[in-house]
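Novice: To be precise about what I am sending: the file is called final.tsv and holds TSV, C-alpha atoms and all ligand atoms.
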```
chain	number	residue	atom	x	y	z
H	1	MET	CA	-63.75	-151.77	-151.33
H	2	GLU	CA	-60.17	-150.80	-150.69
H	3	ILE	CA	-57.55	-153.39	-151.55
H	4	THR	CA	-53.92	-153.11	-150.61
H	5	ARG	CA	-51.18	-154.19	-152.94
H	6	ARG	CA	-50.26	-156.77	-150.31
H	7	GLY	CA	-53.69	-158.36	-150.73
H	8	PHE	CA	-53.37	-158.62	-154.47
H	9	LEU	CA	-52.32	-162.28	-154.63
H	10	SER	CA	-54.87	-163.55	-152.11
H	11	MET	CA	-57.53	-161.65	-154.00
H	12	THR	CA	-56.62	-163.33	-157.27
H	13	GLY	CA	-57.22	-166.67	-155.58
H	14	ALA	CA	-60.58	-165.46	-154.29
H	15	ILE	CA	-61.68	-164.62	-157.83
H	16	GLY	CA	-60.83	-168.08	-159.08
H	17	SER	CA	-62.91	-169.64	-156.29
H	18	GLY	CA	-65.74	-167.20	-156.96
H	19	ILE	CA	-66.05	-168.16	-160.61
H	20	ALA	CA	-66.30	-171.81	-159.60
H	21	LEU	CA	-69.03	-170.97	-157.06
H	22	SER	CA	-71.15	-169.01	-159.53
H	23	GLY	CA	-72.42	-172.29	-161.02
H	24	LEU	CA	-73.90	-173.15	-157.62
H	25	GLY	CA	-76.02	-169.98	-157.54
H	26	ILE	CA	-73.86	-168.20	-154.97
H	27	ASN	CA	-73.87	-164.38	-154.94
H	28	LEU	CA	-70.86	-163.23	-156.92
H	29	SER	CA	-71.12	-159.49	-156.37
H	30	PRO	CA	-68.13	-159.44	-153.96
H	31	VAL	CA	-66.13	-161.30	-156.61
H	32	LYS	CA	-67.17	-158.78	-159.25
H	33	ALA	CA	-66.06	-155.98	-156.92
H	34	TYR	CA	-62.67	-157.71	-156.60
H	35	ALA	CA	-62.46	-158.01	-160.39
H	36	ASP	CA	-63.28	-154.31	-160.82
H	37	GLU	CA	-60.59	-153.42	-158.31
H	38	LEU	CA	-58.11	-155.63	-160.14
H	39	SER	CA	-58.75	-153.95	-163.48
H	40	LYS	CA	-58.41	-150.58	-161.75
H	41	MET	CA	-55.11	-151.71	-160.25
H	42	ASN	CA	-53.87	-152.69	-163.71
H	43	ARG	CA	-54.80	-149.22	-164.96
H	44	VAL	CA	-53.01	-147.69	-161.98
H	45	LYS	CA	-49.88	-149.71	-162.76
H	46	ALA	CA	-49.87	-148.48	-166.38
H	47	ALA	CA	-50.66	-144.87	-165.48
H	48	LYS	CA	-48.43	-141.88	-164.98
H	49	GLN	CA	-48.14	-141.38	-161.21
H	50	VAL	CA	-48.04	-137.81	-159.94
H	51	THR	CA	-47.59	-136.96	-156.26
H	52	THR	CA	-49.24	-133.99	-154.58
H	53	VAL	CA	-50.29	-132.81	-151.12
H	54	CYS	CA	-53.82	-132.58	-149.75
H	55	CYS	CA	-54.83	-128.92	-149.46
H	56	TYR	CA	-57.46	-129.32	-146.77
H	57	CYS	CA	-55.57	-129.02	-143.52
H	58	SER	CA	-52.16	-128.39	-142.03
H	59	VAL	CA	-51.43	-132.13	-141.65
H	60	GLY	CA	-50.37	-132.06	-145.32
H	61	CYS	CA	-50.97	-135.70	-146.27
H	62	GLY	CA	-49.33	-136.98	-149.44
H	63	LEU	CA	-51.45	-138.17	-152.37
H	64	VAL	CA	-50.74	-140.11	-155.54
H	65	CYS	CA	-52.76	-139.18	-158.63
H	66	SER	CA	-52.96	-141.75	-161.41
H	67	VAL	CA	-53.16	-140.08	-164.81
H	68	ASP	CA	-54.25	-142.01	-167.89
H	69	LYS	CA	-51.46	-141.56	-170.42
H	70	LEU	CA	-53.84	-141.57	-173.39
H	71	THR	CA	-56.44	-139.10	-172.11
H	72	SER	CA	-54.25	-137.16	-169.62
H	73	LYS	CA	-57.13	-137.40	-167.15
H	74	ILE	CA	-56.87	-138.36	-163.49
H	75	PHE	CA	-58.80	-141.54	-162.81
H	76	ASN	CA	-57.68	-142.38	-159.27
H	77	ILE	CA	-56.33	-140.54	-156.21
H	78	GLU	CA	-55.10	-142.36	-153.12
H	79	GLY	CA	-52.81	-141.87	-150.15
H	80	ASP	CA	-49.07	-141.92	-150.84
H	81	ALA	CA	-47.59	-144.93	-149.00
H	82	ASP	CA	-44.11	-143.39	-149.31
H	83	HIS	CA	-45.10	-140.08	-147.75
H	84	PRO	CA	-43.52	-139.60	-144.30
H	85	ILE	CA	-46.59	-137.94	-142.76
H	86	ASN	CA	-49.54	-140.13	-143.68
H	87	GLU	CA	-47.79	-143.28	-144.99
H	88	GLY	CA	-50.70	-143.96	-147.34
H	89	SER	CA	-53.59	-143.28	-144.97
H	90	LEU	CA	-56.10	-140.46	-145.46
H	91	CYS	CA	-58.98	-139.07	-143.43
H	92	ALA	CA	-62.48	-139.26	-144.92
H	93	LYS	CA	-62.07	-135.87	-146.52
H	94	GLY	CA	-58.79	-136.73	-148.22
H	95	ALA	CA	-60.12	-140.15	-149.23
H	96	GLY	CA	-62.93	-138.42	-151.14
H	97	PHE	CA	-60.54	-136.24	-153.10
H	98	PHE	CA	-61.22	-137.95	-156.42
H	99	ASP	CA	-64.87	-136.87	-156.26
H	100	LEU	CA	-63.71	-133.27	-156.62
H	101	THR	CA	-62.35	-133.94	-160.08
H	102	GLU	CA	-64.32	-133.59	-163.31
H	103	ALA	CA	-64.86	-137.35	-163.25
H	104	ASN	CA	-67.63	-136.77	-160.70
H	105	LYS	CA	-70.72	-136.17	-162.83
H	106	HIS	CA	-72.70	-135.02	-159.79
H	107	ARG	CA	-70.55	-131.98	-159.02
H	108	LEU	CA	-72.59	-128.80	-158.80
H	109	LYS	CA	-71.68	-126.34	-161.51
H	110	LYS	CA	-74.48	-123.79	-161.10
H	111	VAL	CA	-75.78	-121.83	-158.16
H	112	LEU	CA	-78.87	-123.48	-156.72
H	113	TYR	CA	-81.30	-121.17	-154.94
H	114	ARG	CA	-84.33	-122.07	-152.86
H	115	ALA	CA	-86.57	-119.11	-152.10
H	116	PRO	CA	-87.96	-118.68	-148.56
H	117	MET	CA	-90.87	-121.12	-147.95
H	118	SER	CA	-90.34	-122.77	-151.34
H	119	ASP	CA	-89.73	-126.49	-151.81
H	120	LYS	CA	-88.08	-126.05	-155.22
H	121	TRP	CA	-84.50	-125.33	-156.20
H	122	GLU	CA	-83.85	-122.85	-159.02
H	123	GLU	CA	-80.69	-122.52	-161.08
H	124	LYS	CA	-79.20	-119.03	-160.91
H	125	GLU	CA	-76.19	-117.22	-162.33
H	126	TRP	CA	-73.31	-116.15	-160.09
H	127	PRO	CA	-73.81	-112.36	-160.59
H	128	TRP	CA	-77.38	-112.71	-159.32
H	129	ALA	CA	-76.24	-114.75	-156.31
H	130	LEU	CA	-73.39	-112.41	-155.39
H	131	GLU	CA	-75.65	-109.37	-155.62
H	132	ARG	CA	-78.23	-111.02	-153.36
H	133	ILE	CA	-75.63	-112.19	-150.81
H	134	ALA	CA	-74.09	-108.69	-150.68
H	135	ARG	CA	-77.53	-107.08	-150.24
H	136	LEU	CA	-78.54	-109.43	-147.41
H	137	VAL	CA	-75.20	-109.11	-145.60
H	138	LYS	CA	-75.28	-105.31	-145.77
H	139	ASP	CA	-78.88	-104.99	-144.60
H	140	THR	CA	-78.51	-107.58	-141.83
H	141	ARG	CA	-75.23	-106.15	-140.60
H	142	GLU	CA	-76.53	-102.58	-140.47
H	143	ALA	CA	-79.64	-103.72	-138.62
H	144	GLY	CA	-77.71	-105.39	-135.82
H	145	PHE	CA	-74.27	-103.81	-135.64
H	146	VAL	CA	-73.04	-103.35	-132.05
H	147	LYS	CA	-70.73	-100.39	-131.64
H	148	THR	CA	-70.26	-100.44	-127.86
H	149	ASN	CA	-70.75	-103.01	-125.10
H	150	ALA	CA	-72.64	-102.59	-121.82
H	151	LYS	CA	-69.66	-100.75	-120.29
H	152	GLY	CA	-69.58	-98.23	-123.14
H	153	GLU	CA	-66.40	-99.70	-124.61
H	154	VAL	CA	-66.04	-99.68	-128.40
H	155	VAL	CA	-66.44	-103.24	-129.76
H	156	ASN	CA	-67.70	-102.82	-133.37
H	157	ARG	CA	-69.25	-106.29	-133.55
H	158	CYS	CA	-71.58	-107.87	-136.07
H	159	GLU	CA	-73.51	-110.23	-133.83
H	160	ASN	CA	-76.38	-111.13	-136.13
H	161	ILE	CA	-74.46	-112.98	-138.85
H	162	GLY	CA	-72.53	-116.21	-138.39
H	163	HIS	CA	-69.99	-117.67	-140.80
H	164	LEU	CA	-69.57	-121.40	-141.26
H	165	GLY	CA	-66.76	-122.68	-143.49
H	166	SER	CA	-67.30	-125.53	-145.91
H	167	SER	CA	-65.58	-128.90	-145.91
H	168	ASN	CA	-64.50	-128.21	-149.48
H	169	VAL	CA	-62.56	-125.08	-148.65
H	170	ASP	CA	-58.79	-125.32	-148.57
H	171	ASN	CA	-56.30	-123.65	-146.20
H	172	GLU	CA	-55.76	-120.52	-148.28
H	173	GLU	CA	-59.48	-120.03	-148.96
H	174	CYS	CA	-60.16	-120.41	-145.22
H	175	TRP	CA	-57.60	-117.72	-144.49
H	176	LEU	CA	-59.24	-115.30	-146.96
H	177	MET	CA	-62.72	-116.07	-145.66
H	178	SER	CA	-61.78	-115.55	-142.02
H	179	ILE	CA	-60.17	-112.19	-142.88
H	180	LYS	CA	-63.35	-111.14	-144.70
H	181	ALA	CA	-65.58	-112.25	-141.83
H	182	ARG	CA	-63.48	-110.43	-139.22
H	183	ALA	CA	-63.34	-107.30	-141.39
H	184	LEU	CA	-67.12	-107.24	-141.27
H	185	GLY	CA	-66.97	-107.51	-137.47
H	186	MET	CA	-68.30	-111.07	-137.30
H	187	ILE	CA	-67.49	-113.01	-134.15
H	188	TYR	CA	-69.43	-116.24	-134.73
H	189	ILE	CA	-66.99	-117.91	-137.12
H	190	ASP	CA	-66.54	-121.64	-137.34
H	191	HIS	CA	-65.35	-124.27	-139.76
H	192	GLN	CA	-66.10	-127.88	-140.53
H	193	ALA	CA	-62.49	-128.92	-139.92
H	194	ARG	CA	-62.75	-127.93	-136.23
H	195	VAL	CA	-65.89	-130.02	-135.76
R	201	LIG	S1	-57.72	-133.12	-144.66
R	201	LIG	FE1	-57.30	-135.26	-144.11
R	201	LIG	S2	-56.20	-136.12	-145.86
R	201	LIG	FE2	-56.13	-133.87	-146.04
R	201	LIG	S3	-54.20	-133.23	-145.06
R	201	LIG	FE3	-55.81	-133.11	-143.50
R	201	LIG	S4	-55.77	-135.13	-142.44
R	201	LIG	FE4	-54.66	-135.35	-144.40
```
Represent the supplied structure as structure tokens.

Specialist:
Amino acid sequence: MEITRRGFLSMTGAIGSGIALSGLGINLSPVKAYADELSKMNRVKAAKQVTTVCCYCSVGCGLVCSVDKLTSKIFNIEGDADHPINEGSLCAKGAGFFDLTEANKHRLKKVLYRAPMSDKWEEKEWPWALERIARLVKDTREAGFVKTNAKGEVVNRCENIGHLGSSNVDNEECWLMSIKARALGMIYIDHQARV
């Protein structure tokens, strides 16, 4: 639940009412959520605030990272209300920025591979994965490379491989990836940000 600073006082009142209602057997989970948010807000107030810019698209929204002064770890990232572009708002991608930090225990750290027709994922090392990707790209490209079109004009196209960019790729990585894809002659190139 997102709570604005403006709603802080009305929320405090809601918590007081909620505690009184608990004795009547009323569901207090929304009140607990408010309480959690309040303790997070207190942490945010005591934290070192560092501003940065979202790397995901050319809008360039401003972010505020709250860094715990004792552990030097980021524990919250939100839109920067003082930033002239986004004025505190973020799209879904920017709003999920915190999940990219080490605080997210579910982040993938190893390559996961599922063999053709298998229903199981296997952990692999990067050298193995890169070797396999390179092998498949080379073989597939050579099997379907189109040197000339129907009029006999030179086109040098790789029509049998498509490239789809990830939502967790930033502007600079996108630029490098699109150069690589075009260098291989790929023409079916797309990215999550366009969709
Ligand atoms: S990806 Fe979203 S939050 Fe990031 S700069 Fe673009 S619009 Fe802003």

Novice: Return the padded bounding box of ligand LIG 201 (chain R) as JSON: axis-aligned, built from all atoms listed in the file, 8 Å added on each side, with centre and edge lengths in Å to one decimal.

Specialist:
```
{"center_x": -56.0, "center_y": -134.6, "center_z": -144.2, "size_x": 19.5, "size_y": 19.0, "size_z": 19.6}
```

Novice: To one decimal in Å, tell me the separation between CA of Ile74 in chain H and CA of Asp36 in chain H.

Specialist: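 According to the coordinates, CA of Ile74 in chain H and CA of Asp36 in chain H are separated by 17.4 Å.
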
Novice: Step by step, measure atom-to-atom distances between ligand LIG 201 (chain R) and each residue using only C-alpha atoms and all ligand atoms, keep those at most 10 Å, then write them as a PyMOL selection string.

Specialist: chain H and resi 53-63+78-79+85-86+88-97+167-168+170-171+193

Novice: Got a sec: who's within 10 Å of Ala129 in chain H, counting all atoms listed in the file, leaving out chain neighbours fewer than 6 positions off, as a ChimeraX atom specification?

Specialist: /H:111-113,135

Novice: Which residue out of H:Ser29, H:Ser118, H:Asn76, H:Ser166 has the minimum interatomic distance to Glu102 in chain H when all atoms listed in the file are used?

Specialist: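 When distances to Glu102 in chain H are compared using all atoms listed in the file, the smallest one comes from H:Asn76.
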
Novice: Within 9 Å of Gly144 in chain H, counting only C-alpha atoms, which residues qualify if same-chain residues fewer than 3 places away don't, as a PDB file with C-alpha atoms, in the coordinates of the input?

Specialist:
```pdb
ATOM      1  CA  ASP H 139     -78.880-104.990-144.600  1.00  0.00           C
ATOM      2  CA  THR H 140     -78.510-107.580-141.830  1.00  0.00           C
ATOM      3  CA  ARG H 141     -75.230-106.150-140.600  1.00  0.00           C
ATOM      4  CA  ARG H 157     -69.250-106.290-133.550  1.00  0.00           C
ATOM      5  CA  CYS H 158     -71.580-107.870-136.070  1.00  0.00           C
ATOM      6  CA  GLU H 159     -73.510-110.230-133.830  1.00  0.00           C
ATOM      7  CA  ASN H 160     -76.380-111.130-136.130  1.00  0.00           C
ATOM      8  CA  ILE H 161     -74.460-112.980-138.850  1.00  0.00           C
TER       9      ILE H 161
END
```

Novice: Provide the CA of Glu122 in chain H to CA of Ala181 in chain H distance in Å, to one decimal place.

Specialist: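 Those two atoms sit 27.2 Å apart.
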
Novice: Choose the residue, out of H:Lys151, H:Lys138, H:Lys109, H:His191, that has the smallest atom-to-atom separation from Val169 in chain H; count all atoms listed in the file.

Specialist: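 For Val169 in chain H, the nearest of the given residues is H:His191.
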
Novice: May I ask for the distance between CA of Ile77 in chain H and CA of Asp190 in chain H, given in Å to one decimal place?

Specialist: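 About the pair CA of Ile77 in chain H and CA of Asp190 in chain H: they are 28.6 Å apart.
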
Novice: Would you list the residues near (-69.6, -116.7, -140.9) (no more than 9 Å away, in the coordinates of the file, using all atoms listed in the file) as a short mmCIF file (atom, residue, chain, number, x, y, z; two decimals) with C-alpha atoms, keeping the file's coordinate frame?

Specialist:
```cif
data_model
loop_
_atom_site.label_atom_id
_atom_site.label_comp_id
_atom_site.auth_asym_id
_atom_site.auth_seq_id
_atom_site.Cartn_x
_atom_site.Cartn_y
_atom_site.Cartn_z
CA ILE H 161 -74.46 -112.98 -138.85
CA GLY H 162 -72.53 -116.21 -138.39
CA HIS H 163 -69.99 -117.67 -140.80
CA LEU H 164 -69.57 -121.40 -141.26
CA GLY H 165 -66.76 -122.68 -143.49
CA MET H 177 -62.72 -116.07 -145.66
CA SER H 178 -61.78 -115.55 -142.02
CA ALA H 181 -65.58 -112.25 -141.83
CA ARG H 182 -63.48 -110.43 -139.22
CA MET H 186 -68.30 -111.07 -137.30
CA ILE H 187 -67.49 -113.01 -134.15
CA TYR H 188 -69.43 -116.24 -134.73
CA ILE H 189 -66.99 -117.91 -137.12
CA ASP H 190 -66.54 -121.64 -137.34
CA HIS H 191 -65.35 -124.27 -139.76
#
```

Novice: Name all residues at most 7 Å from range 37-47 of chain H (count all atoms listed in the file; drop same-chain ones fewer than 3 positions away) and give them as a PyMOL selection string.

Specialist: chain H and resi 33-34+66-69
